[in-house]
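Colleague: So here's structure13.txt (compact mmCIF, C-alpha atoms).
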```txt
# COMPACT_ATOMS: atom_id res chain seq x y z
CA MET S 20 0.00 0.00 0.00
CA THR S 21 2.99 2.31 0.41
CA ARG S 22 5.11 0.88 -2.39
CA VAL S 23 6.10 3.34 -5.12
CA PRO S 24 5.54 1.63 -8.48
CA ALA S 25 8.51 1.15 -10.76
CA SER S 26 8.68 3.17 -13.97
CA PRO S 27 10.52 2.38 -17.20
CA PHE S 28 11.89 5.93 -16.93
CA ASP S 29 13.54 5.59 -13.52
CA GLN S 30 17.04 5.98 -15.04
CA THR S 31 16.16 8.51 -17.74
CA ASP S 32 18.12 11.76 -18.02
CA PRO S 33 15.56 14.63 -17.97
CA GLN S 34 17.74 16.59 -20.41
CA GLU S 35 16.66 14.15 -23.11
CA GLU S 36 13.11 15.55 -23.06
CA ARG S 37 13.76 19.01 -24.52
CA ALA S 38 13.53 18.32 -28.24
CA ILE S 39 11.17 20.71 -30.02
CA ALA S 40 9.60 17.89 -32.03
CA LEU S 41 8.95 15.96 -28.81
CA VAL S 42 7.24 18.96 -27.23
CA ALA S 43 5.04 19.38 -30.31
CA ARG S 44 4.14 15.71 -30.17
CA GLY S 45 3.26 16.09 -26.50
CA ASP S 46 0.97 18.99 -27.34
CA TYR S 47 -0.96 16.62 -29.61
CA VAL S 48 -1.05 13.84 -27.01
CA ALA S 49 -2.46 16.34 -24.50
CA ARG S 50 -5.24 16.99 -27.03
CA LEU S 51 -5.87 13.26 -27.37
CA ALA S 52 -6.07 12.94 -23.57
CA ASP S 53 -8.09 16.18 -23.15
CA CYS S 54 -6.01 17.14 -20.11
CA VAL S 55 -7.29 20.71 -20.18
CA ALA S 56 -10.90 19.65 -19.52
CA CYS S 57 -10.27 18.70 -15.90
CA HIS S 58 -7.18 20.72 -15.05
CA THR S 59 -8.62 24.13 -15.98
CA ALA S 60 -11.23 25.93 -13.89
CA PRO S 61 -13.82 28.18 -15.58
CA GLY S 62 -12.14 31.53 -16.12
CA GLY S 63 -8.81 30.13 -14.98
CA THR S 64 -5.47 29.55 -16.66
CA ALA S 65 -5.01 26.39 -18.69
CA TYR S 66 -3.67 23.48 -16.62
CA ALA S 67 -3.50 25.50 -13.38
CA GLY S 68 -6.14 23.31 -11.74
CA GLY S 69 -8.96 24.29 -9.41
CA LEU S 70 -11.89 22.65 -11.22
CA LYS S 71 -14.37 21.33 -8.67
CA MET S 72 -15.51 17.74 -9.09
CA VAL S 73 -18.42 16.61 -6.93
CA THR S 74 -18.52 13.03 -5.69
CA PRO S 75 -21.01 11.31 -3.35
CA MET S 76 -18.36 11.59 -0.60
CA GLY S 77 -17.49 15.25 -1.13
CA ALA S 78 -15.76 17.55 -3.60
CA ILE S 79 -12.27 17.13 -5.01
CA PHE S 80 -10.36 19.74 -6.97
CA ALA S 81 -8.17 19.17 -10.01
CA THR S 82 -4.51 19.95 -9.38
CA ASN S 83 -2.07 22.36 -10.95
CA ILE S 84 -0.09 20.50 -13.62
CA THR S 85 1.90 23.45 -14.95
CA PRO S 86 5.71 23.29 -14.40
CA ASP S 87 5.61 25.64 -11.41
CA ARG S 88 8.09 24.22 -8.90
CA ASP S 89 6.12 25.18 -5.80
CA THR S 90 2.48 24.51 -6.68
CA GLY S 91 2.68 22.47 -9.89
CA ILE S 92 4.73 19.57 -11.22
CA GLY S 93 7.95 21.46 -11.90
CA THR S 94 10.02 19.14 -9.69
CA TYR S 95 8.64 15.94 -11.24
CA THR S 96 11.07 13.72 -13.08
CA LEU S 97 9.86 11.77 -16.10
CA ALA S 98 9.51 8.72 -13.84
CA ASP S 99 7.46 10.74 -11.30
CA PHE S 100 5.23 11.99 -14.10
CA ASP S 101 4.79 8.48 -15.46
CA ARG S 102 3.81 7.10 -12.05
CA ALA S 103 1.16 9.79 -11.60
CA LEU S 104 -0.17 9.41 -15.15
CA ARG S 105 -0.26 5.63 -15.51
CA SER S 106 -0.23 4.32 -11.92
CA GLY S 107 -2.12 7.00 -9.99
CA VAL S 108 0.72 7.71 -7.53
CA ALA S 109 1.93 11.28 -6.96
CA LYS S 110 5.58 12.30 -6.45
CA ASP S 111 5.25 12.26 -2.66
CA GLY S 112 3.74 8.76 -2.78
CA HIS S 113 0.08 9.54 -2.09
CA ARG S 114 -2.54 7.79 -4.22
CA LEU S 115 -4.64 9.75 -6.67
CA TYR S 116 -8.40 9.45 -6.78
CA PRO S 117 -9.56 7.63 -9.93
CA ALA S 118 -11.36 10.80 -11.00
CA MET S 119 -7.93 11.15 -12.60
CA PRO S 120 -8.42 8.50 -15.32
CA TYR S 121 -5.13 6.72 -14.74
CA PRO S 122 -6.81 3.30 -15.25
CA SER S 123 -7.28 4.40 -18.88
CA TYR S 124 -4.01 6.32 -19.18
CA ALA S 125 -2.21 3.15 -18.09
CA ARG S 126 -2.55 2.02 -21.71
CA ILE S 127 -0.64 5.03 -23.09
CA SER S 128 2.64 4.07 -24.76
CA ASP S 129 6.07 4.97 -23.37
CA ASP S 130 6.72 7.22 -26.37
CA ASP S 131 3.52 9.19 -25.77
CA VAL S 132 4.28 9.51 -22.04
CA ARG S 133 7.73 10.89 -22.86
CA ALA S 134 6.22 13.38 -25.32
CA LEU S 135 3.53 14.46 -22.87
CA TYR S 136 6.13 15.08 -20.18
CA ALA S 137 8.23 17.17 -22.58
CA TYR S 138 5.17 19.27 -23.40
CA PHE S 139 4.20 19.96 -19.80
CA MET S 140 7.75 20.77 -18.77
CA HIS S 141 8.82 22.84 -21.76
CA GLY S 142 5.66 23.83 -23.66
CA VAL S 143 3.34 24.98 -20.86
CA PRO S 144 3.91 28.24 -18.95
CA ALA S 145 4.41 27.83 -15.21
CA VAL S 146 1.54 29.20 -13.10
CA HIS S 147 1.84 29.69 -9.35
CA GLN S 148 -1.57 28.59 -8.06
CA GLU S 149 -2.04 26.64 -4.85
CA ASN S 150 -3.98 23.40 -4.99
CA ARG S 151 -7.19 23.09 -3.00
CA LYS S 152 -7.87 20.31 -0.52
CA SER S 153 -10.84 18.04 -1.01
CA THR S 154 -13.93 18.34 1.17
CA ILE S 155 -14.15 14.58 1.65
CA PRO S 156 -14.26 14.02 5.43
CA TRP S 157 -12.03 11.72 7.47
CA PRO S 158 -11.78 8.72 7.36
CA LEU S 159 -13.11 8.59 3.79
CA ASN S 160 -10.32 10.92 2.67
CA MET S 161 -7.56 8.44 3.52
CA ARG S 162 -5.62 7.57 0.36
CA TRP S 163 -4.07 4.20 1.24
CA PRO S 164 -7.27 2.20 0.54
CA LEU S 165 -6.94 3.32 -3.09
CA ALA S 166 -4.09 0.82 -3.40
CA LEU S 167 -6.64 -1.93 -2.70
CA TRP S 168 -9.04 -0.31 -5.18
CA ASN S 169 -6.31 -0.44 -7.82
CA VAL S 170 -5.62 -4.12 -7.19
CA THR S 171 -9.34 -4.92 -7.41
CA PHE S 172 -10.50 -2.75 -10.30
CA ALA S 173 -7.62 -1.23 -12.29
CA ARG S 174 -5.97 -3.07 -15.15
CA PHE S 175 -2.48 -1.71 -15.60
CA GLY S 176 -0.33 -2.25 -18.66
CA VAL S 177 0.42 -0.49 -21.94
CA TYR S 178 -2.05 -1.21 -24.75
CA GLN S 179 -1.14 -4.37 -26.62
CA PRO S 180 -2.34 -4.55 -30.25
CA ASP S 181 -4.80 -7.28 -31.16
CA ALA S 182 -3.11 -9.32 -33.89
CA SER S 183 -6.48 -10.41 -35.27
CA LYS S 184 -7.43 -6.79 -36.07
CA ASP S 185 -6.07 -4.31 -38.60
CA VAL S 186 -3.85 -1.32 -37.87
CA GLN S 187 -6.73 1.18 -37.99
CA TRP S 188 -8.80 -0.81 -35.50
CA ASN S 189 -5.89 -1.07 -33.08
CA ARG S 190 -5.18 2.66 -33.30
CA GLY S 191 -8.86 3.35 -32.57
CA ALA S 192 -8.83 0.98 -29.61
CA TYR S 193 -5.69 2.66 -28.26
CA LEU S 194 -7.34 6.07 -28.45
CA VAL S 195 -10.76 5.09 -27.09
CA GLU S 196 -9.61 2.75 -24.33
CA GLY S 197 -6.45 4.67 -23.44
CA ALA S 198 -5.59 8.30 -24.17
CA GLY S 199 -9.15 9.35 -25.01
CA HIS S 200 -10.49 7.61 -21.85
CA CYS S 201 -13.99 7.51 -23.35
CA GLY S 202 -15.04 4.90 -20.82
CA ALA S 203 -14.58 7.36 -17.95
CA CYS S 204 -17.86 9.02 -18.94
CA HIS S 205 -19.64 6.49 -21.16
CA THR S 206 -19.19 3.31 -19.06
CA PRO S 207 -21.53 2.60 -16.12
CA ARG S 208 -19.86 2.35 -12.73
CA GLY S 209 -20.19 -0.07 -9.85
CA LEU S 210 -20.73 0.59 -6.16
CA ALA S 211 -17.02 1.32 -5.73
CA PHE S 212 -17.14 3.88 -8.58
CA ASN S 213 -15.25 1.47 -10.80
CA GLU S 214 -15.94 1.28 -14.52
CA LYS S 215 -17.80 -1.98 -15.11
CA GLY S 216 -15.92 -2.58 -18.35
CA THR S 217 -12.46 -1.41 -19.40
CA ASP S 218 -12.24 -2.47 -23.03
CA GLY S 219 -14.23 -3.70 -25.99
CA HIS S 220 -14.29 -7.27 -24.71
CA SER S 221 -16.81 -6.21 -22.04
CA ARG S 222 -20.39 -5.65 -23.19
CA THR S 223 -20.75 -2.84 -20.62
CA PHE S 224 -17.79 -0.85 -21.94
CA VAL S 225 -19.01 2.57 -23.26
CA SER S 226 -22.59 1.32 -23.00
CA GLY S 227 -23.90 4.59 -21.50
CA ALA S 228 -23.72 6.14 -18.03
CA LEU S 229 -25.01 9.00 -15.89
CA ILE S 230 -22.33 11.55 -15.01
CA ASP S 231 -22.58 15.08 -13.58
CA GLY S 232 -26.25 15.45 -14.44
CA TRP S 233 -25.85 14.22 -18.03
CA PHE S 234 -26.50 10.79 -19.49
CA ALA S 235 -23.51 9.95 -21.68
CA PRO S 236 -25.09 7.72 -24.34
CA SER S 237 -23.87 4.35 -25.51
CA LEU S 238 -21.02 4.39 -28.02
CA ARG S 239 -21.77 0.82 -29.04
CA ASN S 240 -24.01 -0.19 -31.92
CA ASP S 241 -27.25 -0.06 -29.98
CA PRO S 242 -29.79 1.06 -32.61
CA ASN S 243 -31.68 3.51 -30.39
CA THR S 244 -29.46 4.65 -27.53
CA GLY S 245 -26.14 4.16 -29.28
CA LEU S 246 -24.48 4.45 -32.69
CA GLY S 247 -26.39 1.70 -34.45
CA ARG S 248 -27.93 4.03 -37.04
CA TRP S 249 -24.71 6.02 -37.53
CA SER S 250 -22.14 5.19 -40.20
CA GLU S 251 -18.38 5.49 -39.71
CA ASP S 252 -18.56 8.75 -41.66
CA ASP S 253 -21.26 10.01 -39.28
CA VAL S 254 -19.03 9.33 -36.27
CA PHE S 255 -16.05 10.94 -38.01
CA HIS S 256 -17.94 14.15 -38.86
CA PHE S 257 -19.45 14.38 -35.37
CA LEU S 258 -16.02 14.28 -33.76
CA LYS S 259 -14.46 16.53 -36.42
CA THR S 260 -17.14 19.24 -36.70
CA GLY S 261 -19.25 18.77 -33.58
CA ARG S 262 -22.35 17.85 -35.57
CA ASN S 263 -23.94 15.60 -38.14
CA THR S 264 -27.49 14.89 -39.30
CA HIS S 265 -28.12 12.79 -36.17
CA ALA S 266 -26.88 15.09 -33.41
CA VAL S 267 -24.96 18.16 -32.27
CA VAL S 268 -22.53 18.02 -29.34
CA PHE S 269 -23.96 19.25 -26.04
CA GLY S 270 -23.37 18.91 -22.33
CA SER S 271 -19.95 17.64 -21.29
CA MET S 272 -19.24 16.54 -24.88
CA THR S 273 -19.10 20.18 -25.98
CA GLU S 274 -15.93 20.72 -23.98
CA VAL S 275 -14.47 17.47 -25.29
CA PHE S 276 -15.08 18.66 -28.85
CA ASN S 277 -13.90 22.23 -28.25
CA ASN S 278 -10.55 21.24 -26.80
CA SER S 279 -9.92 17.71 -27.96
CA THR S 280 -11.54 15.77 -30.79
CA GLN S 281 -11.60 18.53 -33.41
CA PHE S 282 -7.79 18.67 -33.16
CA PHE S 283 -7.29 14.96 -33.87
CA THR S 284 -5.81 14.10 -37.23
CA ASP S 285 -8.31 12.76 -39.73
CA ASP S 286 -6.59 9.39 -39.59
CA ASP S 287 -7.02 9.22 -35.82
CA LEU S 288 -10.68 10.26 -36.02
CA ARG S 289 -11.37 7.62 -38.64
CA ALA S 290 -9.62 5.06 -36.46
CA VAL S 291 -11.86 5.99 -33.54
CA ALA S 292 -14.95 5.73 -35.75
CA HIS S 293 -13.80 2.38 -37.15
CA TYR S 294 -13.23 0.96 -33.67
CA LEU S 295 -16.51 2.22 -32.21
CA LYS S 296 -18.52 0.82 -35.11
CA SER S 297 -17.00 -2.59 -34.37
CA LEU S 298 -18.48 -2.71 -30.85
CA PRO S 299 -21.64 -4.85 -30.90
CA THR S 300 -24.87 -4.28 -29.04
CA ASP S 301 -25.84 -6.86 -26.45
CA GLY S 302 -29.39 -6.99 -27.81
CA GLN S 303 -30.89 -6.23 -24.41
CA ARG S 304 -30.63 -2.44 -24.17
CA ASP S 305 -32.52 -1.80 -27.42
CA THR S 306 -34.87 -4.66 -28.20
CA SER S 307 -36.36 -3.07 -31.35
CA SER S 308 -35.00 -0.36 -33.63
CA TRP S 309 -36.64 3.09 -33.71
CA HIS S 310 -38.63 4.05 -36.80
CA TYR S 311 -40.09 7.46 -37.51
CA GLU S 312 -43.84 7.77 -36.98
CA PRO S 313 -45.69 10.95 -38.07
CA THR S 314 -48.67 10.14 -35.84
CA GLN S 315 -48.03 13.05 -33.43
CA THR S 316 -48.43 15.73 -36.09
CA ALA S 317 -52.18 16.05 -35.41
CA ALA S 318 -51.44 16.79 -31.76
CA LEU S 319 -49.65 19.96 -32.85
CA GLU S 320 -52.66 21.34 -34.70
CA PRO S 321 -54.48 24.08 -32.71
CA ALA S 322 -57.20 21.73 -31.52
CA GLY S 323 -54.78 19.01 -30.50
CA GLN S 324 -52.56 21.32 -28.50
CA GLN S 325 -55.30 21.81 -25.92
CA ARG S 326 -55.72 18.09 -25.33
CA ILE S 327 -52.16 16.82 -24.99
CA PRO S 328 -49.93 18.21 -22.21
CA GLY S 329 -46.74 19.70 -23.55
CA ALA S 330 -47.87 20.08 -27.17
CA GLN S 331 -48.64 23.79 -26.87
CA ILE S 332 -45.31 24.45 -25.14
CA TYR S 333 -43.51 22.56 -27.90
CA MET S 334 -45.13 24.73 -30.55
CA ALA S 335 -44.27 27.91 -28.65
CA LYS S 336 -40.68 27.09 -27.62
CA CYS S 337 -39.30 24.21 -29.72
CA ARG S 338 -41.06 24.02 -33.08
CA PHE S 339 -39.26 26.90 -34.80
CA CYS S 340 -35.85 25.20 -34.54
CA HIS S 341 -36.61 21.49 -34.20
CA GLY S 342 -39.57 21.45 -36.59
CA VAL S 343 -43.18 20.34 -36.32
CA ASP S 344 -41.98 16.94 -37.46
CA GLY S 345 -39.20 16.79 -34.81
CA ARG S 346 -36.56 16.19 -37.49
CA GLY S 347 -34.51 19.34 -36.86
CA GLN S 348 -32.73 21.22 -39.63
CA GLY S 349 -30.00 19.14 -41.20
CA GLN S 350 -26.69 19.19 -39.36
CA TRP S 351 -27.34 22.62 -37.85
CA ILE S 352 -30.30 22.00 -35.53
CA PRO S 353 -30.44 18.45 -34.17
CA PRO S 354 -33.56 16.29 -34.45
CA LEU S 355 -35.58 15.32 -31.39
CA ALA S 356 -37.10 12.35 -33.19
CA GLY S 357 -35.07 9.20 -32.75
CA VAL S 358 -32.15 10.65 -30.78
CA ALA S 359 -30.68 8.90 -27.74
CA SER S 360 -31.90 11.59 -25.31
CA SER S 361 -35.48 10.94 -26.50
CA LEU S 362 -35.17 7.15 -26.33
CA ALA S 363 -32.99 6.48 -23.29
CA SER S 364 -34.72 5.46 -20.07
CA ASP S 365 -32.70 8.12 -18.24
CA SER S 366 -34.01 11.59 -19.10
CA SER S 367 -31.22 13.59 -17.39
CA SER S 368 -29.69 14.97 -20.59
CA ALA S 369 -33.03 16.15 -21.95
CA ILE S 370 -33.86 17.82 -18.64
CA ASN S 371 -30.42 19.38 -18.20
CA ILE S 372 -30.23 20.97 -21.63
CA THR S 373 -33.80 22.27 -21.38
CA LEU S 374 -33.13 23.81 -17.97
CA ASN S 375 -29.65 25.13 -18.67
CA GLY S 376 -29.13 25.31 -22.43
CA SER S 377 -25.94 24.29 -24.17
CA ALA S 378 -22.43 25.68 -24.03
CA ARG S 379 -21.09 27.37 -27.13
CA ILE S 380 -19.43 25.19 -29.76
CA VAL S 381 -16.20 26.63 -31.14
CA ALA S 382 -15.10 24.94 -34.38
CA ASN S 383 -11.90 26.05 -36.13
CA GLY S 384 -11.76 29.03 -33.79
CA ILE S 385 -15.23 30.27 -34.80
CA PRO S 386 -18.01 30.26 -32.17
CA ASP S 387 -21.31 28.77 -33.25
CA ALA S 388 -23.92 31.40 -34.06
CA TYR S 389 -26.67 29.47 -32.28
CA ARG S 390 -26.92 27.48 -29.11
CA MET S 391 -29.78 25.97 -27.14
CA PRO S 392 -31.12 28.63 -24.72
CA SER S 393 -31.82 28.03 -21.05
CA TYR S 394 -35.51 27.74 -20.15
CA ARG S 395 -35.18 27.48 -16.37
CA ALA S 396 -36.48 31.04 -15.93
CA GLN S 397 -39.24 30.75 -18.54
CA LEU S 398 -40.78 27.35 -17.83
CA SER S 399 -41.98 25.80 -14.60
CA ASP S 400 -41.01 22.30 -13.54
CA LYS S 401 -44.41 21.06 -14.72
CA ASP S 402 -44.02 22.82 -18.07
CA ILE S 403 -40.65 21.16 -18.67
CA ALA S 404 -41.92 17.76 -17.54
CA ASP S 405 -44.90 18.06 -19.89
CA VAL S 406 -42.97 19.17 -22.96
CA LEU S 407 -40.23 16.57 -22.49
CA THR S 408 -42.81 13.82 -21.95
CA PHE S 409 -44.46 14.98 -25.17
CA ILE S 410 -41.15 14.87 -27.08
CA ARG S 411 -40.17 11.49 -25.63
CA SER S 412 -43.50 9.96 -26.72
CA SER S 413 -43.75 11.51 -30.21
CA TRP S 414 -42.51 10.55 -33.70
CA GLY S 415 -41.84 6.96 -32.67
CA ASN S 416 -39.90 7.91 -29.52
CA ARG S 417 -40.43 5.55 -26.61
CA GLY S 418 -38.64 7.36 -23.80
CA ALA S 419 -39.97 7.11 -20.26
CA ARG S 420 -42.31 9.77 -18.89
CA VAL S 421 -40.57 12.72 -17.21
CA LEU S 422 -41.72 13.58 -13.69
CA VAL S 423 -41.88 17.01 -12.05
CA SER S 424 -39.64 15.68 -9.28
CA ASP S 425 -37.00 14.81 -11.90
CA ILE S 426 -36.92 18.44 -12.99
CA GLN S 427 -36.68 19.77 -9.45
CA LYS S 428 -33.67 17.60 -8.62
CA LEU S 429 -31.62 18.90 -11.54
CA ARG S 430 -32.84 22.47 -11.16
CA ASP S 431 -31.41 22.55 -7.65
CA LYS S 432 -28.09 20.93 -8.60
CA THR S 433 -27.24 22.66 -11.88
CA VAL S 434 -26.73 26.15 -13.32
CA PRO S 435 -27.13 27.62 -16.83
CA ALA S 436 -24.42 26.74 -19.33
CA SER S 437 -21.79 29.42 -19.88
CA SER S 438 -21.66 31.23 -23.22
CA THR S 439 -17.90 31.79 -22.84
CA PRO S 440 -16.15 28.45 -23.35
CA VAL S 441 -12.64 27.68 -22.13
CA ILE S 442 -10.54 27.18 -25.25
CA LEU S 443 -6.91 26.14 -25.02
CA LYS S 444 -4.91 28.00 -27.64
CA ILE S 445 -2.81 25.94 -30.01
CA GLN S 446 0.95 26.33 -29.79
```
Go through the file and emit its structure as structure tokens.

Modeller:
Amino acid sequence: MTRVPASPFDQTDPQEERAIALVARGDYVARLADCVACHTAPGGTAYAGGLKMVTPMGAIFATNITPDRDTGIGTYTLADFDRALRSGVAKDGHRLYPAMPYPSYARISDDDVRALYAYFMHGVPAVHQENRKSTIPWPLNMRWPLALWNVTFARFGVYQPDASKDVQWNRGAYLVEGAGHCGACHTPRGLAFNEKGTDGHSRTFVSGALIDGWFAPSLRNDPNTGLGRWSEDDVFHFLKTGRNTHAVVFGSMTEVFNNSTQFFTDDDLRAVAHYLKSLPTDGQRDTSSWHYEPTQTAALEPAGQQRIPGAQIYMAKCRFCHGVDGRGQGQWIPPLAGVASSLASDSSSAINITLNGSARIVANGIPDAYRMPSYRAQLSDKDIADVLTFIRSSWGNRGARVLVSDIQKLRDKTVPASSTPVILKIQ
């Protein structure tokens, strides 16, 4: 429990990590790993830490990972950096909470670790900003039990290519299971906050999970709540541009797109798409595929609006953008018919974006001209429950009914999305 893990870099000379090309490569690996998402607080300096993460036990705060020698990682050797990144053990020996996705980063190659270290030491400005202590009370805040958690739930070891698969598939698996740590959000967790699946061999891996008031949908080929009706090109364009004819990024995925996936090379994005489209459904989450049904159109006629709760609100607040038919407007305004948020049993994403709106998408440095507005000040809990129930039962949607109590819970725990996104400037 107190042992410091060995690192392949224990005898490495830190002077070897100064090459300009290595720093540039590390910049790209930091994009792949989306380090800025957790280590930058709203309105703060990139990588200086301070972002609050709420857990059932209390809040923890992301740390300063700039090369400041007093408050950051400026005194870390490459071996120290490697142990924190891939083993979850800080320089002073204390265990990191698995909110830091080291179980996924454990798969990152030695070459990418070396490049990432070079970037953080020589490509990131040092920022003097003290780290904040967690609010988790004693004895739950003791770190040594995390060693037992690691033994039980973490699977350490650099990604090993599957010889039965092609190069593109293996690159996609490396990115999704490792650097991209997609499972951290999209895989359901057990009672010990462990991901129930860690790679594509598990049917629960990236099968959808609730996180921070959003339901991260399945990335498997589930026809309704996953990517079953998306092609590889659809996945590629979603990650590259933040949108396609099926959906537009929102919630936590907006930040992932803004600072990470849009900067991937096309080859890497196509590898991710190729790998994800290889993940089968288990046949139990979506027993029958969604098909569009125009039967709700009559409910939106003036006479019908008076009879069906939520129909009138839809016509007043939603119809102009999402259409009377619920099909949206191409790749610019997403459909509400047949999307995962309308079909999933968990309605958190639909509630959250209706209450709080969406953050601004910034593609190629240009902010999106339109974003979903917040309706928390305009609509009551009953109004939102009615209109979402209407949406989730229209056009062939079979989502569960939304309750007023569901709205109240998220109203109390969430705030409107910011219109000023945190964007890490490219070197």

Colleague: Sorted by chain and rising residue number, which residues of range 314-429 of chain S lie within 10 Å of range 254-269 of chain S, and what are their closest atom pairs and distances in Å to one decimal, counting all atoms listed in the file, as CSV?

Modeller:
```
residue,atom,partner,partner_atom,distance
S:Arg346,CA,S:His265,CA,9.2
S:Gly347,CA,S:Thr264,CA,8.7
S:Gln348,CA,S:Thr264,CA,8.2
S:Gly349,CA,S:Thr264,CA,5.3
S:Gln350,CA,S:Thr264,CA,4.4
S:Trp351,CA,S:Arg262,CA,7.3
S:Ile352,CA,S:Val267,CA,7.3
S:Pro353,CA,S:Ala266,CA,5.0
S:Pro354,CA,S:His265,CA,6.7
S:Leu355,CA,S:Ala266,CA,8.9
S:Ala356,CA,S:His265,CA,9.5
S:Gly357,CA,S:His265,CA,8.5
S:Val358,CA,S:His265,CA,7.1
S:Ala359,CA,S:Ala266,CA,9.2
S:Ser368,CA,S:Phe269,CA,9.0
S:Ile372,CA,S:Phe269,CA,7.9
S:Gly376,CA,S:Phe269,CA,8.7
S:Ser377,CA,S:Phe269,CA,5.7
S:Ala378,CA,S:Phe269,CA,6.9
S:Arg379,CA,S:Phe269,CA,8.7
S:Ile380,CA,S:Gly261,CA,7.5
S:Val381,CA,S:Gly261,CA,8.8
S:Ala382,CA,S:Thr260,CA,6.5
S:Asn383,CA,S:Thr260,CA,8.6
S:Arg390,CA,S:Phe269,CA,9.3
S:Met391,CA,S:Phe269,CA,9.0
```

Colleague: Which residue out of S:Asn189, S:Arg222, S:Met334, S:Phe339 has the minimum interatomic distance to Gly302 in chain S when all atoms listed in the file are used?

Modeller: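 Of S:Asn189, S:Arg222, S:Met334, S:Phe339, the one nearest Gly302 in chain S is S:Arg222, counting all atoms listed in the file.
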
Colleague: Restricting the calculation to all atoms listed in the file: of S:Gln397, S:Asn277, S:Thr244, S:Asn371, which residue gets closest to Arg417 in chain S?

Modeller: S:Thr244

Colleague: To one decimal in Å, tell me the separation between CA of Gly270 in chain S and CA of Asp365 in chain S.

Modeller: 14.8 Å

Colleague: Go through S:Ile426, S:Val170, S:Cys54, S:Leu407 one by one, measure the shortest atom-to-atom distance of each to Gly232 in chain S using all atoms listed in the file, and give the residue with the smallest value.

Modeller: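 Counting all atoms listed in the file, the residue closest to Gly232 in chain S is S:Ile426.
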
Colleague: Taking (-6.1, 21.5, -24.7) in the file's coordinates, which residues come within 7 Å, counting all atoms listed in the file, written as a compact mmCIF listing (two decimals) with C-alpha atoms, in the frame of the given file?

Modeller:
```txt
# COMPACT_ATOMS: atom_id res chain seq x y z
CA ALA S 49 -2.46 16.34 -24.50
CA ARG S 50 -5.24 16.99 -27.03
CA ASP S 53 -8.09 16.18 -23.15
CA CYS S 54 -6.01 17.14 -20.11
CA VAL S 55 -7.29 20.71 -20.18
CA ASN S 278 -10.55 21.24 -26.80
CA SER S 279 -9.92 17.71 -27.96
CA LEU S 443 -6.91 26.14 -25.02
```

Colleague: Might you pull out every residue within 9 Å of range 28-32 of chain S, with only C-alpha atoms counted and same-chain residues fewer than 4 positions away left off, and present them as an MDAnalysis selection string?

Modeller: chainID S and resid 36 96:99 101 129 133

Colleague: In Å, with one decimal, what is the gap from CA of Gly202 in chain S to CA of Ala166 in chain S?

Modeller: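 Answer for the CA of Gly202 in chain S to CA of Ala166 in chain S separation: 21.0 Å.
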
Colleague: With distances taken over all atoms listed in the file, which of S:Val291, S:Asp305, S:Trp233, S:Met140 is nearest to Thr433 in chain S?

Modeller: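 Ranking S:Val291, S:Asp305, S:Trp233, S:Met140 by distance to Thr433 in chain S, first place goes to S:Trp233.
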
Colleague: Which distance in Å separates CA of Val73 in chain S and CA of Tyr394 in chain S, to one decimal?

Modeller: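 Taking CA of Val73 in chain S and CA of Tyr394 in chain S, their separation equals 24.3 Å.
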
Colleague: Need to verify the contact set: Gly93 in chain S, 12 Å, all atoms listed in the file, exclusion of same-chain residues closer than 5 positions in sequence. Can you return it as a list in words?

Modeller: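 Counting only the stated atoms, we get Pro33, Asn83, Ile84, Thr85, Pro86, Asp87, Arg88, Asp99, Phe100, Lys110, Tyr136, Ala137, Phe139, Met140, His141, Val143, Pro144, Ala145, Val146 and His147 of chain S.
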
Colleague: Determine the nearest neighbour of Arg44 in chain S from the options S:Tyr138, S:Trp188, S:Tyr66, S:Tyr95, counting all atoms listed in the file.

Modeller: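 Smallest separation from Arg44 in chain S among the options: S:Tyr138.
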
Colleague: Taking (-18.9, 21.0, -7.5) in the coordinates of the supplied file, I want to know which residues reach to within 12 Å of it, counting only C-alpha atoms; could you give the answer as a PyMOL selection string?

Modeller: chain S and resi 60-61+69-81+153-154+231-232+432-434

Colleague: Which residues are near Ala134 in chain S? Cut-off 9 Å, only C-alpha atoms, ignore same chain within fewer than 6 positions. Put them as a ChimeraX atom specification.

Modeller: /S:36,40-48

Colleague: Counting all atoms listed in the file, figure out which residue out of S:Gly197, S:Gly68, S:Pro236, S:Pro164 gets nearest to Arg151 in chain S.

Modeller: S:Gly68

Colleague: Identify, on the basis of only C-alpha atoms, every residue whose closest approach to Leu362 in chain S does not exceed 9 Å; exclude the query and any residue fewer than 6 positions from it along the same chain; express the result as a list in words.

Modeller: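 The residues satisfying every condition are Asn243, Thr244, Trp309, Ala356, Arg411, Ser412, Asn416, Arg417, Gly418 and Ala419 of chain S.
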
Colleague: Show which residues sit within 7 Å of Arg126 in chain S, as a list in words. Count only C-alpha atoms, and ignore same-chain residues fewer than 2 positions away.

Modeller: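 These residues fall inside the cut-off: Ser123, Tyr124, Ser128, Gly176, Val177, Tyr178 and Gly197 of chain S.
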
Colleague: Produce the centre coordinates and the three edge lengths, each in Å to one decimal, of the box along x, y and z that contains all listed atoms of range 199-214 of chain S with 6 Å added on each side, as AutoDock Vina command-line options.

Modeller:
```
--center_x -15.3 --center_y 4.6 --center_z -15.4 --size_x 24.4 --size_y 21.4 --size_z 31.3
```
